[in-house]
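> Here it is, the structure, as C-alpha cells.
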Amino acid sequence: MANLFVDRAVIFVKAGKGGDGHVSFRRELYVPNGGPDGGDGGKGGDVIFTIDKGLNTLIDFKNIRKYKAGDGEEGGKKRCHGKNGNDIVIKVPPGTVIRDFETGKVIIDMADREEPFTLFQGGKGGKGNQHYVTSTMQAPRYAQPGEPAIEKKLILELKMIADVGLVGFPSVGKSTLLSKVSNARPKIADYHFTTLSPNLGVVGLTGGRAFVMADIPGIIEGAAEGVGLGFDFLRHIERTRVLLHVIDAASVEGRDPIEDIKTIEAELGSYSKKLIERPTIIVANKLDVLQPEDREAILSKLKKEFPDKRIMAISAATGEGVKELLEAAYEMIQTAPDDVMEFEPEIILEEYASRIEELPFTVTKSPDDENVYLVEGPKIERMLGYTNLEDEKGFRFFQDFLKKNGIIEELKRLGIQEGDEVRLYGWAFEFIE
C-alpha cells in the first residue's frame, strides 16, 4: 500500500554516553617526571524531537525502531578534550504525542510545537587525571568515567490536528464532501472502509478565511473497545474542535440514519466524555437522491429525535447546502473551546531523564540515637535537588521514591518503629506505617 497511514509506533531511544577521562603524564624532553595531563571526556549526544510539517504519518518508525545519539570520546594526552557525541534529531509529524512505554504516561505533546524538544541529554564527560592532583597525590593514576547513557522505550501516537472533524459510518459521503470543499484529494469508492487513514484539507472561505477539515476513518460499534479501526478512529477526534456528524439521509444502503447517530455518539461517549460535549452539527447528506416530501420527512424525524442538535441538509455530490454548512462550521470554530488541542505532561521530565538510578545511597541507624535513621548518598541529594517537599505533589513523589527504591524496606530491615525519626540532609520525618 503506497499511502499507508500509521498513527502509533513503539521506538527505542538512547542518549550518548559521556566519554571517560584520560590518565596520562607529560613526557617531554628534559621533563623526566612530568605531571598528569589527562584530558576530559566529551559529552554524549542528546536525544531531540522536532516537528516536520511535511510528515503526516509515523510510517518511518515502523521501519526504523532504534535511535541512538553518539557517545562522547575519551579524553586524550596533553589535556586534550574528547570530542562530543553527535545529537540524534528525530523528526515527527505535527500532532505527535510522546509517551513512556512502561506506564503509558504522556511525556510531551509535540502538537504544533515550533522549537525542538530535548528529551534526554547525553552523559557528561569524565574528568581527566589532571584534576586529581593534591598535596599528597602528585601523580594520580585514575580518572573519572563518563556518565552513563539514558535509554528508554517510547510510544509515539499521532493525534491529528484539525479544526473540523468529519465523523460517520463508511460510505455516508464524508470523503466526497472533503474533496469538494478543500484541497484534499481522498480516494473515494463505494464500499465500506474506503478511508483507512484520515485525510486533511484546507477549506477556503470568502474574505481570506480558512479552516482545516479532517475526514476521520469510518467507525463501527465497539470502536471504543478497539474493535475494527477502533482507537485508530477515535484517537484523532480528540484534537478537533468541531464535529460534523455526516449521515446518509437517503438510506442508500438500507441503514437507519437515526440509529447510526446514536451508535456513534455512544462510541464517542465511551471513549471520552469530552467528545460528546464537542460542538456538533448533524449533516444530512445525499439529498439529491430524495424526493422533496422524503426530505421533509427525514429532517422532521431528525429534529424530533435530536432537538438539542443543529441539523443541516446537504448534497455533497451537487453542492446543495454546502456553502451554508461551511459558514456554520466556521462560526462554531470561533466560539468552540480550544482546550482540546494539547495533552498535559504526566511525567516529571527531570526525574524521568535523570541518571539517578545509577547513583548510590545508604540507609543506616544513627550512632548517637537508636530512634534516628539516616538516609544519605548522591541518589538522595539528586532527588532532593528537584523535589519540592513542601508541595503536596512533590511530597507524594518523595514517598513513592522511598518505596520504589527499597528505602522503606531497608528501614524496616534495620528495625525502624512507628514514631522513629528519619533524617535526609536537613529534613526530618516521623516514620508512620
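Chain identifiers are assigned as A, B, and so on, following the order in which chains appear in the C-alpha cells; residues are numbered from 1 within each chain, and ligands are numbered from 1 in order of appearance.
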Using only C-alpha atoms, which residues sit within 6 Å of range 52-55 of chain A once same-chain residues fewer than 5 positions away are excluded, as a PyMOL selection string?

chain A and resi 91-93

> Quick one: write out the picked residues with all heavy atoms as a tab-separated table (two decimals), in the first residue's frame?


chain	number	residue	atom	x	y	z
A	91	LYS	N	12.59	13.43	13.73
A	91	LYS	CA	11.52	14.26	13.16
A	91	LYS	C	10.19	13.52	13.22
A	91	LYS	O	10.10	12.36	12.80
A	91	LYS	CB	11.86	14.62	11.71
A	91	LYS	CG	13.11	15.50	11.59
A	91	LYS	CD	13.41	15.84	10.14
A	91	LYS	CE	14.64	16.74	10.04
A	91	LYS	NZ	14.96	17.08	8.64
A	92	VAL	N	9.17	14.21	13.73
A	92	VAL	CA	7.84	13.62	13.86
A	92	VAL	C	6.81	14.57	13.25
A	92	VAL	O	7.04	15.78	13.16
A	92	VAL	CB	7.47	13.34	15.34
A	92	VAL	CG1	8.38	12.28	15.92
A	92	VAL	CG2	7.53	14.62	16.16
A	93	PRO	N	5.65	14.04	12.82
A	93	PRO	CA	4.61	14.91	12.26
A	93	PRO	C	3.91	15.74	13.32
A	93	PRO	O	3.92	15.36	14.51
A	93	PRO	CB	3.64	13.92	11.61
A	93	PRO	CG	3.90	12.61	12.23
A	93	PRO	CD	5.31	12.61	12.71

> I want to know what sits within 12 Å of range 259-263 of chain A, based on only C-alpha atoms, with residues of the same chain fewer than 2 positions away left out; could you give that as a PyMOL selection string?

chain A and resi 167-170+172+218-224+244-249+251+254-257+265-270+276+280-284+301-302+305-306+309+311

> Taking only C-alpha atoms into account, which of A:Tyr142, A:Phe343, A:Phe398, A:Tyr373 comes nearest Val422 in chain A?

A:Tyr373

> Looking at only C-alpha atoms, which of A:Gly19, A:Ile107, A:Thr57, A:Phe25 is the one that sits closest to Glu344 in chain A?

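Checking each of A:Gly19, A:Ile107, A:Thr57, A:Phe25 against Glu344 in chain A, counting only C-alpha atoms, the winner is A:Ile107.
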
> Write out as an MDAnalysis selection string the residues lying within 12 Å of Arg209 in chain A, counting only C-alpha atoms and excluding same-chain residues fewer than 4 positions away.

chainID A and resid 202:205 326:327 330:331 333:334

> With DSSP run on the backbone, what are the strand (DSSP E) residues within range 291-419 of chain A? I'd like them as a list in words.

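Everything in range 291-419 of chain A that counts as strand (DSSP E) is Arg310, Ile311, Met312, Ala313, Thr362, Val363, Thr364, Lys365, Val372, Tyr373, Leu374, Val375 and Glu376 of chain A.
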
> Mind the document's chain letters and residue numbers, and return as number ranges by chain the residues of range 4-226 of chain A that DSSP labels helix (DSSP H, G or I).

A: 60-63, 129-132, 174-181, 206-208, 223-225

> The selected residues should be written to file as a compact mmCIF listing (two decimals), in the first residue's frame (atoms: C-alpha atoms).


# COMPACT_ATOMS: atom_id res chain seq x y z
CA ASP A 60 9.12 5.69 9.10
CA PHE A 61 9.11 4.46 12.70
CA LYS A 62 7.79 1.08 11.60
CA ASN A 63 10.95 0.60 9.54
CA ASN A 129 43.61 12.78 35.95
CA GLN A 130 44.92 16.37 35.69
CA HIS A 131 42.06 17.35 38.04
CA TYR A 132 43.04 14.99 40.86
CA LYS A 174 -17.50 12.26 4.08
CA SER A 175 -14.72 11.81 1.54
CA THR A 176 -16.87 13.28 -1.22
CA LEU A 177 -17.63 16.34 0.91
CA LEU A 178 -13.98 16.88 1.80
CA SER A 179 -12.87 16.58 -1.83
CA LYS A 180 -15.47 19.14 -2.95
CA VAL A 181 -14.74 21.81 -0.34
CA THR A 206 -14.54 34.33 1.30
CA GLY A 207 -12.58 37.14 2.90
CA GLY A 208 -9.42 35.10 3.30
CA ALA A 223 -14.57 1.10 18.36
CA ALA A 224 -14.05 2.33 21.92
CA GLU A 225 -13.06 -1.24 22.86

> Using only C-alpha atoms, which residue out of A:Gly201, A:Gly95, A:Pro145, A:Gly126 lies closest to Glu157 in chain A?

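Closest residue, counting only C-alpha atoms: A:Gly95.
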
> Excluding range 348-363 of chain A and its own-chain neighbours fewer than 6 positions away, which residues fall within 9 Å of it when counting only C-alpha atoms? Please give them as a ChimeraX atom specification.

/A:107,119-121,123,147-150,373-380,382-383,386,405,407,410-411,414

> Write the selection just made, keeping N, CA and C atoms, as a compact mmCIF listing (two decimals), in the first residue's frame?


# COMPACT_ATOMS: atom_id res chain seq x y z
N ILE A 107 4.72 12.09 28.10
CA ILE A 107 5.95 12.83 28.39
C ILE A 107 5.80 14.25 27.84
N LEU A 119 14.64 15.56 24.84
CA LEU A 119 14.10 14.59 25.79
C LEU A 119 15.18 14.15 26.77
N PHE A 120 16.32 13.70 26.25
CA PHE A 120 17.42 13.25 27.10
C PHE A 120 18.70 13.98 26.71
N GLN A 121 19.44 14.42 27.70
CA GLN A 121 20.75 14.97 27.43
C GLN A 121 21.79 13.86 27.53
N GLY A 123 25.32 11.98 28.45
CA GLY A 123 26.09 11.95 29.69
C GLY A 123 27.25 12.92 29.68
N GLU A 147 29.52 9.87 32.36
CA GLU A 147 28.18 9.48 32.84
C GLU A 147 27.57 8.46 31.89
N PRO A 148 26.79 7.52 32.43
CA PRO A 148 26.15 6.52 31.58
C PRO A 148 25.06 7.13 30.70
N ALA A 149 24.69 6.39 29.69
CA ALA A 149 23.64 6.85 28.76
C ALA A 149 22.26 6.56 29.35
N ILE A 150 21.28 7.40 29.01
CA ILE A 150 19.88 7.12 29.34
C ILE A 150 19.25 6.45 28.14
N TYR A 373 17.22 7.38 62.14
CA TYR A 373 17.80 6.66 60.98
C TYR A 373 18.23 7.69 59.94
N LEU A 374 19.35 7.42 59.30
CA LEU A 374 19.93 8.36 58.34
C LEU A 374 19.86 7.78 56.93
N VAL A 375 19.34 8.58 55.99
CA VAL A 375 19.30 8.18 54.57
C VAL A 375 20.15 9.19 53.82
N GLU A 376 21.26 8.72 53.21
CA GLU A 376 22.22 9.63 52.60
C GLU A 376 22.74 9.06 51.28
N GLY A 377 23.53 9.89 50.60
CA GLY A 377 24.16 9.44 49.36
C GLY A 377 23.78 10.32 48.18
N PRO A 378 24.56 10.24 47.07
CA PRO A 378 24.30 11.07 45.89
C PRO A 378 22.90 10.92 45.32
N LYS A 379 22.34 9.71 45.41
CA LYS A 379 20.99 9.49 44.87
C LYS A 379 19.97 10.33 45.63
N ILE A 380 20.13 10.40 46.95
CA ILE A 380 19.20 11.16 47.78
C ILE A 380 19.38 12.66 47.53
N ARG A 382 20.47 14.10 44.83
CA ARG A 382 19.94 14.43 43.49
C ARG A 382 18.41 14.54 43.54
N MET A 383 17.77 13.57 44.22
CA MET A 383 16.30 13.60 44.30
C MET A 383 15.81 14.84 45.02
N TYR A 386 15.57 18.22 42.98
CA TYR A 386 14.49 18.59 42.06
C TYR A 386 13.10 18.29 42.62
N ASN A 405 12.51 2.69 45.59
CA ASN A 405 13.94 2.43 45.66
C ASN A 405 14.34 1.55 46.84
N ILE A 407 13.95 1.96 50.01
CA ILE A 407 14.44 2.63 51.22
C ILE A 407 13.56 2.29 52.42
N GLU A 410 14.40 -1.15 53.55
CA GLU A 410 15.68 -1.19 54.26
C GLU A 410 15.54 -0.64 55.67
N LEU A 411 14.74 0.44 55.83
CA LEU A 411 14.49 0.99 57.17
C LEU A 411 13.83 -0.06 58.07
N LEU A 414 16.24 -2.64 59.25
CA LEU A 414 17.10 -2.16 60.34
C LEU A 414 16.36 -2.01 61.65

> Looking at only C-alpha atoms, which of A:Asp400, A:Glu342, A:Glu296, A:Asp391 is the one that sits closest to Asp112 in chain A?

A:Glu342

> Just the residues within 12 Å of Ala9 in chain A, please, counting only C-alpha atoms, with nothing from its chain fewer than 4 positions along; format it as an mmCIF file with C-alpha atoms, in the first residue's frame.


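To be explicit, this is the file written out as selection.cif:
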data_model
loop_
_atom_site.group_PDB
_atom_site.id
_atom_site.type_symbol
_atom_site.label_atom_id
_atom_site.label_comp_id
_atom_site.auth_asym_id
_atom_site.auth_seq_id
_atom_site.Cartn_x
_atom_site.Cartn_y
_atom_site.Cartn_z
ATOM 1 C CA PHE A 5 -1.075 5.557 7.290
ATOM 2 C CA THR A 57 2.311 9.588 9.258
ATOM 3 C CA LEU A 58 4.541 7.590 11.601
ATOM 4 C CA ILE A 59 5.348 5.006 8.912
ATOM 5 C CA ASP A 60 9.117 5.688 9.103
ATOM 6 C CA PHE A 61 9.107 4.465 12.703
ATOM 7 C CA LYS A 62 7.788 1.076 11.596
ATOM 8 C CA ASN A 63 10.948 0.605 9.536
ATOM 9 C CA ILE A 64 13.500 2.166 11.920
ATOM 10 C CA ARG A 65 12.798 1.474 15.587
ATOM 11 C CA LYS A 66 16.143 2.260 17.279
ATOM 12 C CA VAL A 92 7.837 13.623 13.855
ATOM 13 C CA THR A 96 2.587 13.558 17.788
ATOM 14 C CA VAL A 97 2.268 12.669 21.464
ATOM 15 C CA ILE A 98 5.289 11.007 23.103
ATOM 16 C CA ARG A 99 4.515 8.547 25.909
ATOM 17 C CA ASP A 100 6.558 6.314 28.183
ATOM 18 C CA PHE A 101 6.182 2.695 27.063
ATOM 19 C CA LYS A 153 11.286 2.665 25.140
ATOM 20 C CA LEU A 154 8.699 5.167 23.922
ATOM 21 C CA ILE A 155 5.264 5.173 22.323
ATOM 22 C CA LEU A 156 4.661 7.696 19.550
ATOM 23 C CA GLU A 157 0.997 8.446 18.951
ATOM 24 C CA LEU A 158 -0.299 10.671 16.183
#

> Would you mind listing what lies within 8 Å of Gly419 in chain A as a list of chain:residue names, with only C-alpha atoms counted and same-chain residues fewer than 2 positions away left out?

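Here the answer would be A:Gln417, A:Glu421, A:Glu430, A:Phe431, A:Ile432.
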